[in-house]
>>> print(open('model.pdb').read())   # PDB, C-alpha atoms
ATOM      1  CA  MET A   1     -76.813-142.103-123.229
ATOM      2  CA  GLU A   2     -73.414-141.617-124.800
ATOM      3  CA  PRO A   3     -72.951-139.734-128.063
ATOM      4  CA  PHE A   4     -69.684-141.564-128.803
ATOM      5  CA  ARG A   5     -68.725-145.223-128.892
ATOM      6  CA  TYR A   6     -65.612-144.352-126.876
ATOM      7  CA  HIS A   7     -64.658-141.242-124.941
ATOM      8  CA  VAL A   8     -61.076-140.732-123.798
ATOM      9  CA  TYR A   9     -60.131-138.214-121.110
ATOM     10  CA  ALA A  10     -56.434-137.394-121.350
ATOM     11  CA  CYS A  11     -54.776-135.684-118.374
ATOM     12  CA  GLN A  12     -52.786-132.585-119.347
ATOM     13  CA  GLN A  13     -52.295-131.266-115.818
ATOM     14  CA  GLU A  14     -49.369-128.934-115.253
ATOM     15  CA  LYS A  15     -48.032-128.536-111.718
ATOM     16  CA  PRO A  16     -45.686-125.873-110.378
ATOM     17  CA  GLY A  17     -41.980-126.462-109.757
ATOM     18  CA  ASN A  18     -40.750-130.014-109.949
ATOM     19  CA  ALA A  19     -44.013-131.623-108.838
ATOM     20  CA  PRO A  20     -44.640-134.691-111.002
ATOM     21  CA  CYS A  21     -47.477-134.203-113.474
ATOM     22  CA  CYS A  22     -48.670-135.534-116.804
ATOM     23  CA  ALA A  23     -47.633-132.346-118.632
ATOM     24  CA  GLY A  24     -44.083-132.754-117.335
ATOM     25  CA  ARG A  25     -44.103-136.389-118.356
ATOM     26  CA  GLY A  26     -45.029-135.912-122.006
ATOM     27  CA  SER A  27     -48.843-135.838-122.062
ATOM     28  CA  ALA A  28     -49.017-133.292-124.898
ATOM     29  CA  ALA A  29     -47.028-135.555-127.224
ATOM     30  CA  VAL A  30     -49.211-138.543-126.318
ATOM     31  CA  LEU A  31     -52.379-136.519-126.950
ATOM     32  CA  ASP A  32     -51.048-135.395-130.318
ATOM     33  CA  ALA A  33     -50.059-138.957-131.265
ATOM     34  CA  LEU A  34     -53.473-140.243-130.184
ATOM     35  CA  ARG A  35     -55.343-137.679-132.283
ATOM     36  CA  ARG A  36     -53.143-138.381-135.323
ATOM     37  CA  GLU A  37     -53.534-142.141-134.998
ATOM     38  CA  LEU A  38     -57.324-141.862-134.625
ATOM     39  CA  ALA A  39     -57.446-139.659-137.730
ATOM     40  CA  ALA A  40     -55.194-142.065-139.657
ATOM     41  CA  LYS A  41     -57.472-144.993-138.795
ATOM     42  CA  GLY A  42     -60.684-143.097-139.593
ATOM     43  CA  LEU A  43     -61.836-143.220-135.972
ATOM     44  CA  MET A  44     -62.396-139.504-135.292
ATOM     45  CA  ASP A  45     -66.140-140.050-135.314
ATOM     46  CA  THR A  46     -65.992-143.126-133.067
ATOM     47  CA  VAL A  47     -63.567-141.971-130.401
ATOM     48  CA  GLN A  48     -63.971-138.587-128.729
ATOM     49  CA  VAL A  49     -60.895-137.161-127.009
ATOM     50  CA  THR A  50     -61.172-134.570-124.237
ATOM     51  CA  THR A  51     -58.326-133.113-122.198
ATOM     52  CA  CYS A  52     -58.673-133.166-118.419
ATOM     53  CA  GLY A  53     -57.095-132.058-115.173
ATOM     54  CA  SER A  54     -55.298-134.295-112.719
ATOM     55  CA  LEU A  55     -56.519-137.870-112.475
ATOM     56  CA  GLY A  56     -54.328-138.395-109.410
ATOM     57  CA  MET A  57     -51.668-140.851-110.625
ATOM     58  CA  CYS A  58     -49.245-137.956-110.984
ATOM     59  CA  GLU A  59     -45.944-139.864-110.641
ATOM     60  CA  ARG A  60     -46.981-142.375-113.294
ATOM     61  CA  GLY A  61     -48.393-140.351-116.167
ATOM     62  CA  PRO A  62     -49.287-139.679-118.862
ATOM     63  CA  ASN A  63     -52.683-141.003-117.781
ATOM     64  CA  LEU A  64     -55.941-141.610-119.653
ATOM     65  CA  VAL A  65     -59.388-142.907-118.766
ATOM     66  CA  VAL A  66     -61.525-144.565-121.441
ATOM     67  CA  TYR A  67     -65.331-144.715-121.223
ATOM     68  CA  PRO A  68     -67.815-146.318-121.235
ATOM     69  CA  GLU A  69     -65.651-149.129-119.813
ATOM     70  CA  GLY A  70     -63.939-146.905-117.250
ATOM     71  CA  VAL A  71     -60.474-148.265-117.999
ATOM     72  CA  TRP A  72     -57.737-146.229-116.297
ATOM     73  CA  TYR A  73     -54.428-146.257-118.154
ATOM     74  CA  ALA A  74     -51.181-145.024-116.580
ATOM     75  CA  GLY A  75     -47.767-144.326-118.080
ATOM     76  CA  VAL A  76     -48.968-144.214-121.664
ATOM     77  CA  GLN A  77     -46.112-143.394-124.030
ATOM     78  CA  VAL A  78     -46.221-142.198-127.642
ATOM     79  CA  ALA A  79     -44.955-145.647-128.659
ATOM     80  CA  ASP A  80     -48.008-147.257-126.979
ATOM     81  CA  VAL A  81     -50.551-145.264-128.992
ATOM     82  CA  PRO A  82     -50.814-147.504-132.082
ATOM     83  CA  GLU A  83     -51.432-150.586-129.900
ATOM     84  CA  LEU A  84     -53.944-148.705-127.754
ATOM     85  CA  VAL A  85     -55.901-147.531-130.802
ATOM     86  CA  ARG A  86     -55.814-150.924-132.501
ATOM     87  CA  GLU A  87     -56.595-153.035-129.444
ATOM     88  CA  HIS A  88     -58.997-150.870-127.473
ATOM     89  CA  PHE A  89     -60.773-148.878-130.181
ATOM     90  CA  GLN A  90     -60.649-151.276-133.130
ATOM     91  CA  ASN A  91     -60.659-154.685-131.408
ATOM     92  CA  GLY A  92     -62.532-153.673-128.238
ATOM     93  CA  ARG A  93     -59.903-155.144-125.906
ATOM     94  CA  ALA A  94     -58.249-153.098-123.155
ATOM     95  CA  VAL A  95     -54.438-153.051-123.196
ATOM     96  CA  GLU A  96     -53.892-154.893-119.928
ATOM     97  CA  ARG A  97     -50.199-154.038-119.493
ATOM     98  CA  LEU A  98     -51.167-150.346-119.205
ATOM     99  CA  ALA A  99     -54.492-150.746-117.393
ATOM    100  CA  GLU A 100     -54.992-150.277-113.670
ATOM    101  CA  ARG A 101     -56.848-153.258-112.267
ATOM    102  CA  ASP A 102     -56.573-152.703-108.511
ATOM    103  CA  ALA A 103     -59.360-150.199-107.770
ATOM    104  CA  ALA A 104     -58.579-149.966-104.032
ATOM    105  CA  ALA A 105     -54.875-149.259-104.592
ATOM    106  CA  LEU A 106     -55.733-146.719-107.273
ATOM    107  CA  LYS A 107     -58.218-144.920-105.034
ATOM    108  CA  LYS A 108     -55.612-144.779-102.229
ATOM    109  CA  GLU A 109     -52.968-143.370-104.580
ATOM    110  CA  ILE A 110     -55.380-140.719-105.871
ATOM    111  CA  ALA A 111     -56.340-139.702-102.312
ATOM    112  CA  GLU A 112     -52.662-139.435-101.308
ATOM    113  CA  ASN A 113     -51.864-137.280-104.313
ATOM    114  CA  ARG A 114     -54.874-135.076-103.575
ATOM    115  CA  ALA A 115     -53.657-134.628 -99.975
ATOM    116  CA  LYS A 116     -50.181-133.697-101.253
ATOM    117  CA  ALA A 117     -51.645-131.145-103.669
ATOM    118  CA  MET A 118     -53.807-129.624-100.918
ATOM    119  CA  ALA A 119     -50.801-129.389 -98.564
ATOM    120  CA  ALA A 120     -48.698-127.726-101.283
ATOM    121  CA  LEU A 121     -51.507-125.242-101.931
ATOM    122  CA  ALA A 122     -51.867-124.475 -98.218
ATOM    123  CA  ALA A 123     -48.098-123.925 -97.926
ATOM    124  CA  GLN A 124     -48.169-121.618-100.949
ATOM    125  CA  GLN A 125     -51.050-119.623 -99.444
ATOM    126  CA  ALA A 126     -49.297-119.404 -96.066
ATOM    127  CA  ALA A 127     -46.122-118.149 -97.775
ATOM    128  CA  ALA A 128     -48.143-115.544 -99.696
ATOM    129  CA  ARG A 129     -49.589-114.211 -96.417
ATOM    130  CA  LYS A 130     -46.127-113.627 -94.886
TER     131      LYS A 130
ATOM    132  CA  MET B   1     -62.863-151.087-112.985
ATOM    133  CA  GLU B   2     -63.733-147.740-111.490
ATOM    134  CA  PRO B   3     -62.123-146.465-108.303
ATOM    135  CA  PHE B   4     -65.087-144.167-107.570
ATOM    136  CA  ARG B   5     -68.819-144.716-107.409
ATOM    137  CA  TYR B   6     -69.290-141.574-109.493
ATOM    138  CA  HIS B   7     -66.849-139.526-111.524
ATOM    139  CA  VAL B   8     -67.813-136.062-112.757
ATOM    140  CA  TYR B   9     -65.935-134.281-115.525
ATOM    141  CA  ALA B  10     -66.626-130.549-115.381
ATOM    142  CA  CYS B  11     -65.766-128.441-118.432
ATOM    143  CA  GLN B  12     -63.689-125.372-117.587
ATOM    144  CA  GLN B  13     -62.739-124.498-121.168
ATOM    145  CA  GLU B  14     -61.756-120.903-121.856
ATOM    146  CA  LYS B  15     -61.984-119.613-125.416
ATOM    147  CA  PRO B  16     -60.496-116.449-126.875
ATOM    148  CA  GLY B  17     -62.509-113.296-127.518
ATOM    149  CA  ASN B  18     -66.258-113.573-127.267
ATOM    150  CA  ALA B  19     -66.464-117.229-128.284
ATOM    151  CA  PRO B  20     -68.995-118.960-126.031
ATOM    152  CA  CYS B  21     -67.375-121.297-123.516
ATOM    153  CA  CYS B  22     -68.052-122.820-120.122
ATOM    154  CA  ALA B  23     -65.496-120.562-118.404
ATOM    155  CA  GLY B  24     -67.300-117.487-119.759
ATOM    156  CA  ARG B  25     -70.613-118.906-118.637
ATOM    157  CA  GLY B  26     -69.741-119.479-114.984
ATOM    158  CA  SER B  27     -68.181-122.939-114.855
ATOM    159  CA  ALA B  28     -65.703-122.022-112.094
ATOM    160  CA  ALA B  29     -68.533-121.016-109.741
ATOM    161  CA  VAL B  30     -70.428-124.223-110.528
ATOM    162  CA  LEU B  31     -67.312-126.316-109.883
ATOM    163  CA  ASP B  32     -66.744-124.563-106.588
ATOM    164  CA  ALA B  33     -70.380-125.025-105.552
ATOM    165  CA  LEU B  34     -70.241-128.703-106.519
ATOM    166  CA  ARG B  35     -67.100-129.341-104.468
ATOM    167  CA  ARG B  36     -68.554-127.514-101.454
ATOM    168  CA  GLU B  37     -71.856-129.379-101.666
ATOM    169  CA  LEU B  38     -70.121-132.759-101.969
ATOM    170  CA  ALA B  39     -67.979-131.903 -98.928
ATOM    171  CA  ALA B  40     -71.050-130.738 -96.981
ATOM    172  CA  LYS B  41     -72.843-134.003 -97.716
ATOM    173  CA  GLY B  42     -69.819-136.186 -96.915
ATOM    174  CA  LEU B  43     -69.558-137.399-100.508
ATOM    175  CA  MET B  44     -65.942-136.474-101.299
ATOM    176  CA  ASP B  45     -64.954-140.132-101.184
ATOM    177  CA  THR B  46     -67.885-141.271-103.336
ATOM    178  CA  VAL B  47     -67.851-138.658-106.079
ATOM    179  CA  GLN B  48     -64.603-137.736-107.830
ATOM    180  CA  VAL B  49     -64.550-134.410-109.649
ATOM    181  CA  THR B  50     -62.107-133.716-112.486
ATOM    182  CA  THR B  51     -61.926-130.594-114.618
ATOM    183  CA  CYS B  52     -61.913-131.038-118.382
ATOM    184  CA  GLY B  53     -61.566-129.243-121.696
ATOM    185  CA  SER B  54     -64.393-128.547-124.115
ATOM    186  CA  LEU B  55     -67.195-131.074-124.236
ATOM    187  CA  GLY B  56     -68.596-129.351-127.319
ATOM    188  CA  MET B  57     -71.887-127.845-126.095
ATOM    189  CA  CYS B  58     -70.178-124.467-125.869
ATOM    190  CA  GLU B  59     -73.236-122.205-126.230
ATOM    191  CA  ARG B  60     -75.084-124.054-123.475
ATOM    192  CA  GLY B  61     -72.596-124.460-120.622
ATOM    193  CA  PRO B  62     -71.598-124.963-117.941
ATOM    194  CA  ASN B  63     -71.483-128.621-118.914
ATOM    195  CA  LEU B  64     -70.725-131.798-116.964
ATOM    196  CA  VAL B  65     -70.577-135.508-117.753
ATOM    197  CA  VAL B  66     -71.198-138.048-114.987
ATOM    198  CA  TYR B  67     -69.850-141.606-115.145
ATOM    199  CA  PRO B  68     -70.324-144.529-115.033
ATOM    200  CA  GLU B  69     -73.804-143.692-116.410
ATOM    201  CA  GLY B  70     -72.472-141.312-119.067
ATOM    202  CA  VAL B  71     -75.081-138.637-118.340
ATOM    203  CA  TRP B  72     -74.334-135.385-120.149
ATOM    204  CA  TYR B  73     -75.617-132.288-118.360
ATOM    205  CA  ALA B  74     -75.793-128.863-120.022
ATOM    206  CA  GLY B  75     -76.473-125.406-118.616
ATOM    207  CA  VAL B  76     -75.827-126.369-115.002
ATOM    208  CA  GLN B  77     -76.158-123.346-112.718
ATOM    209  CA  VAL B  78     -74.948-122.875-109.149
ATOM    210  CA  ALA B  79     -78.595-123.053-108.061
ATOM    211  CA  ASP B  80     -78.901-126.538-109.632
ATOM    212  CA  VAL B  81     -76.043-128.025-107.634
ATOM    213  CA  PRO B  82     -77.924-129.066-104.462
ATOM    214  CA  GLU B  83     -80.551-130.901-106.558
ATOM    215  CA  LEU B  84     -77.876-132.537-108.705
ATOM    216  CA  VAL B  85     -75.970-133.777-105.665
ATOM    217  CA  ARG B  86     -79.078-134.985-103.858
ATOM    218  CA  GLU B  87     -80.773-136.631-106.845
ATOM    219  CA  HIS B  88     -77.883-138.036-108.826
ATOM    220  CA  PHE B  89     -75.293-138.796-106.141
ATOM    221  CA  GLN B  90     -77.479-139.560-103.139
ATOM    222  CA  ASN B  91     -80.642-140.953-104.752
ATOM    223  CA  GLY B  92     -79.044-142.358-107.911
ATOM    224  CA  ARG B  93     -81.476-140.609-110.267
ATOM    225  CA  ALA B  94     -80.292-138.352-113.096
ATOM    226  CA  VAL B  95     -81.769-134.828-113.131
ATOM    227  CA  GLU B  96     -83.739-135.153-116.351
ATOM    228  CA  ARG B  97     -84.413-131.439-116.891
ATOM    229  CA  LEU B  98     -80.642-130.879-117.258
ATOM    230  CA  ALA B  99     -79.739-134.152-118.983
ATOM    231  CA  GLU B 100     -79.170-134.529-122.709
ATOM    232  CA  ARG B 101     -81.205-137.450-123.994
ATOM    233  CA  ASP B 102     -80.875-137.097-127.780
ATOM    234  CA  ALA B 103     -77.489-138.684-128.529
ATOM    235  CA  ALA B 104     -77.641-137.985-132.282
ATOM    236  CA  ALA B 105     -78.455-134.286-131.821
ATOM    237  CA  LEU B 106     -75.726-134.003-129.206
ATOM    238  CA  LYS B 107     -73.143-135.633-131.448
ATOM    239  CA  LYS B 108     -74.087-133.265-134.297
ATOM    240  CA  GLU B 109     -73.801-130.202-132.050
ATOM    241  CA  ILE B 110     -70.385-131.339-130.784
ATOM    242  CA  ALA B 111     -69.147-131.934-134.349
ATOM    243  CA  GLU B 112     -70.364-128.484-135.437
ATOM    244  CA  ASN B 113     -68.636-126.803-132.517
ATOM    245  CA  ARG B 114     -65.445-128.705-133.257
ATOM    246  CA  ALA B 115     -65.586-127.537-136.905
ATOM    247  CA  LYS B 116     -66.085-123.927-135.717
ATOM    248  CA  ALA B 117     -63.122-124.179-133.351
ATOM    249  CA  MET B 118     -60.918-125.648-136.109
ATOM    250  CA  ALA B 119     -61.957-122.866-138.522
ATOM    251  CA  ALA B 120     -61.218-120.196-135.894
ATOM    252  CA  LEU B 121     -57.804-121.754-135.262
ATOM    253  CA  ALA B 122     -57.031-121.870-139.005
ATOM    254  CA  ALA B 123     -58.065-118.205-139.384
ATOM    255  CA  GLN B 124     -55.861-117.254-136.437
ATOM    256  CA  GLN B 125     -52.900-119.122-137.944
ATOM    257  CA  ALA B 126     -53.482-117.518-141.369
ATOM    258  CA  ALA B 127     -53.585-114.055-139.741
ATOM    259  CA  ALA B 128     -50.365-114.785-137.869
ATOM    260  CA  ARG B 129     -48.623-115.664-141.163
ATOM    261  CA  LYS B 130     -49.514-112.321-142.804
TER     262      LYS B 130
END
>>> encode(input="model.pdb", output="structure tokens")
Amino acid sequence: MEPFRYHVYACQQEKPGNAPCCAGRGSAAVLDALRRELAAKGLMDTVQVTTCGSLGMCERGPNLVVYPEGVWYAGVQVADVPELVREHFQNGRAVERLAERDAAALKKEIAENRAKAMAALAAQQAAARK
Amino acid sequence: MEPFRYHVYACQQEKPGNAPCCAGRGSAAVLDALRRELAAKGLMDTVQVTTCGSLGMCERGPNLVVYPEGVWYAGVQVADVPELVREHFQNGRAVERLAERDAAALKKEIAENRAKAMAALAAQQAAARK
């Protein structure tokens, strides 16, 4: 039961310091370009866009996931947005050069980035207790 | 291609003033309870949890969407979390009393809330220009 034909979750995670994150890698500009392109193509009613927290591919953002297919896209640039909208949302074909197709490698990367984030948080909390 | 068996997006949207939003309706406590319950049941590797911005059922939060099924849950309370984890993530059955099953009504509600948010933003911008 999905109210929209497509639903995009767009990571906008900010991380402290120099930690790699989608926000630091241009996710706001990609989100803005995506919304403008969807509006320009009359697809606002077909494609829902929701911001989200870290998807776990932090060194390779900006990252998006598109449902119902569950296609994970990494390193999406503003210049990729017209192709993404045309191919995925108008022609129903994922943009393979941006799509993650190795689920096991992706899961491992996400787990490693989660462990890093937890360690950084623990260090921050330990420092705050000193 | 999904790296996780289940992926939950949990709205944590904050809105200014008294505007209804998941954050104002307890979404942080629900998120915390969900993460603790998943850890307690050994499901951290099976169920990925990602925070997200407004899903558009702002008066009825806290709201979650669960993929790959695309089940939209509204008004999830801390007390609902054990049932949700057991039924949906262990037994593979959506919790129907919390699930939205009228896609057209849901889409209309989301569109109305988006229009309200846009109007509030426009009013704020007009006030700032005065």
>>> resolve_selection(input="model.pdb", expression="the ChimeraX specification (/A :<7) & /B", output="list of chain:residue names")
B:Met1, B:Glu2, B:Pro3, B:Thr50, B:Thr51, B:Cys52, B:Gly53, B:Ser54, B:Leu55, B:Pro68, B:Gly70, B:Val71, B:Arg101, B:Ala103, B:Ala104, B:Leu106, B:Lys107
>>> atom_distance(input="model.pdb", atom1="atom CA of Ala126 of chain A", atom2="atom CA of Gly17 of chain A")
17.1 Å
>>> resolve_selection(input="model.pdb", expression="the PyMOL selection byres ((chain B and resi 77) around 8)", output="VMD selection string")
chain B and resid 26 30 62 75 to 76 78 to 81
>>> atom_distance(input="model.pdb", atom1="atom CA of Ala94 of chain B", atom2="atom CA of Tyr6 of chain B")
12.0 Å
>>> atom_distance(input="model.pdb", atom1="atom CA of Arg60 of chain B", atom2="atom CA of Ala19 of chain B")
12.0 Å
>>> closest_residue(input="model.pdb", among="B:Glu37, B:Leu43, B:Met57, B:Val8", to="Arg25 of chain B", atoms="all atoms listed in the file")
B:Met57
>>> closest_residue(input="model.pdb", among="B:Leu121, B:Leu84, B:Ala127, B:Leu98", to="Ala33 of chain B", atoms="only C-alpha atoms")
B:Leu84
>>> closest_residue(input="model.pdb", among="B:Cys58, B:Ala128, B:Ala40, B:Ala117", to="Cys21 of chain B", atoms="only C-alpha atoms")
B:Cys58
>>> build_atoms(input="model.pdb", residues="segment 78-89 of chain B", atoms="all heavy atoms", output="compact mmCIF listing (two decimals), in the frame of the given file")
# COMPACT_ATOMS: atom_id res chain seq x y z
N VAL B 78 -75.26 -122.69 -110.57
CA VAL B 78 -74.95 -122.88 -109.15
C VAL B 78 -76.20 -123.32 -108.38
O VAL B 78 -76.14 -124.19 -107.52
CB VAL B 78 -74.36 -121.57 -108.56
CG1 VAL B 78 -74.32 -121.63 -107.03
CG2 VAL B 78 -72.95 -121.33 -109.12
N ALA B 79 -77.33 -122.73 -108.75
CA ALA B 79 -78.60 -123.05 -108.06
C ALA B 79 -79.05 -124.50 -108.29
O ALA B 79 -79.88 -125.01 -107.53
CB ALA B 79 -79.69 -122.09 -108.51
N ASP B 80 -78.53 -125.14 -109.35
CA ASP B 80 -78.90 -126.54 -109.63
C ASP B 80 -78.09 -127.54 -108.82
O ASP B 80 -78.45 -128.73 -108.77
CB ASP B 80 -78.65 -126.86 -111.12
CG ASP B 80 -79.49 -126.00 -112.06
OD1 ASP B 80 -80.67 -125.77 -111.75
OD2 ASP B 80 -78.95 -125.58 -113.11
N VAL B 81 -77.00 -127.09 -108.24
CA VAL B 81 -76.04 -128.02 -107.63
C VAL B 81 -76.63 -128.84 -106.48
O VAL B 81 -76.44 -130.07 -106.45
CB VAL B 81 -74.74 -127.27 -107.24
CG1 VAL B 81 -73.85 -128.13 -106.34
CG2 VAL B 81 -73.98 -126.86 -108.50
N PRO B 82 -77.37 -128.23 -105.55
CA PRO B 82 -77.92 -129.07 -104.46
C PRO B 82 -78.83 -130.18 -104.98
O PRO B 82 -78.75 -131.32 -104.50
CB PRO B 82 -78.70 -128.06 -103.61
CG PRO B 82 -78.01 -126.75 -103.87
CD PRO B 82 -77.62 -126.79 -105.33
N GLU B 83 -79.67 -129.88 -105.98
CA GLU B 83 -80.55 -130.90 -106.56
C GLU B 83 -79.74 -132.00 -107.25
O GLU B 83 -80.02 -133.20 -107.11
CB GLU B 83 -81.51 -130.25 -107.56
CG GLU B 83 -82.46 -131.25 -108.22
CD GLU B 83 -83.34 -130.61 -109.29
OE1 GLU B 83 -83.27 -129.37 -109.47
OE2 GLU B 83 -84.09 -131.35 -109.95
N LEU B 84 -78.73 -131.58 -107.99
CA LEU B 84 -77.88 -132.54 -108.70
C LEU B 84 -77.21 -133.50 -107.72
O LEU B 84 -77.20 -134.72 -107.92
CB LEU B 84 -76.82 -131.76 -109.50
CG LEU B 84 -75.96 -132.55 -110.46
CD1 LEU B 84 -76.79 -133.02 -111.65
CD2 LEU B 84 -74.78 -131.71 -110.95
N VAL B 85 -76.67 -132.95 -106.66
CA VAL B 85 -75.97 -133.78 -105.66
C VAL B 85 -76.96 -134.71 -104.97
O VAL B 85 -76.70 -135.91 -104.82
CB VAL B 85 -75.21 -132.89 -104.65
CG1 VAL B 85 -74.73 -133.70 -103.45
CG2 VAL B 85 -74.03 -132.20 -105.35
N ARG B 86 -78.09 -134.17 -104.57
CA ARG B 86 -79.08 -134.99 -103.86
C ARG B 86 -79.63 -136.08 -104.78
O ARG B 86 -79.64 -137.26 -104.44
CB ARG B 86 -80.21 -134.09 -103.36
CG ARG B 86 -81.24 -134.82 -102.49
CD ARG B 86 -82.38 -133.88 -102.08
NE ARG B 86 -83.15 -133.46 -103.25
CZ ARG B 86 -83.26 -132.19 -103.68
NH1 ARG B 86 -82.66 -131.20 -103.06
NH2 ARG B 86 -83.96 -131.91 -104.77
N GLU B 87 -80.10 -135.67 -105.97
CA GLU B 87 -80.77 -136.63 -106.84
C GLU B 87 -79.81 -137.63 -107.46
O GLU B 87 -80.02 -138.83 -107.39
CB GLU B 87 -81.56 -135.89 -107.93
CG GLU B 87 -82.79 -135.19 -107.39
CD GLU B 87 -83.73 -136.17 -106.68
OE1 GLU B 87 -84.11 -137.17 -107.30
OE2 GLU B 87 -84.02 -135.96 -105.49
N HIS B 88 -78.76 -137.11 -108.10
CA HIS B 88 -77.88 -138.04 -108.83
C HIS B 88 -76.98 -138.82 -107.88
O HIS B 88 -76.88 -140.05 -107.98
CB HIS B 88 -77.06 -137.28 -109.88
CG HIS B 88 -76.52 -138.18 -110.95
ND1 HIS B 88 -76.56 -137.89 -112.29
CD2 HIS B 88 -75.95 -139.41 -110.88
CE1 HIS B 88 -76.03 -138.89 -112.98
NE2 HIS B 88 -75.64 -139.82 -112.15
N PHE B 89 -76.34 -138.14 -106.93
CA PHE B 89 -75.29 -138.80 -106.14
C PHE B 89 -75.80 -139.40 -104.84
O PHE B 89 -75.16 -140.29 -104.29
CB PHE B 89 -74.15 -137.82 -105.88
CG PHE B 89 -73.58 -137.25 -107.15
CD1 PHE B 89 -73.41 -135.88 -107.32
CD2 PHE B 89 -73.23 -138.08 -108.21
CE1 PHE B 89 -72.89 -135.36 -108.50
CE2 PHE B 89 -72.72 -137.58 -109.39
CZ PHE B 89 -72.56 -136.21 -109.54
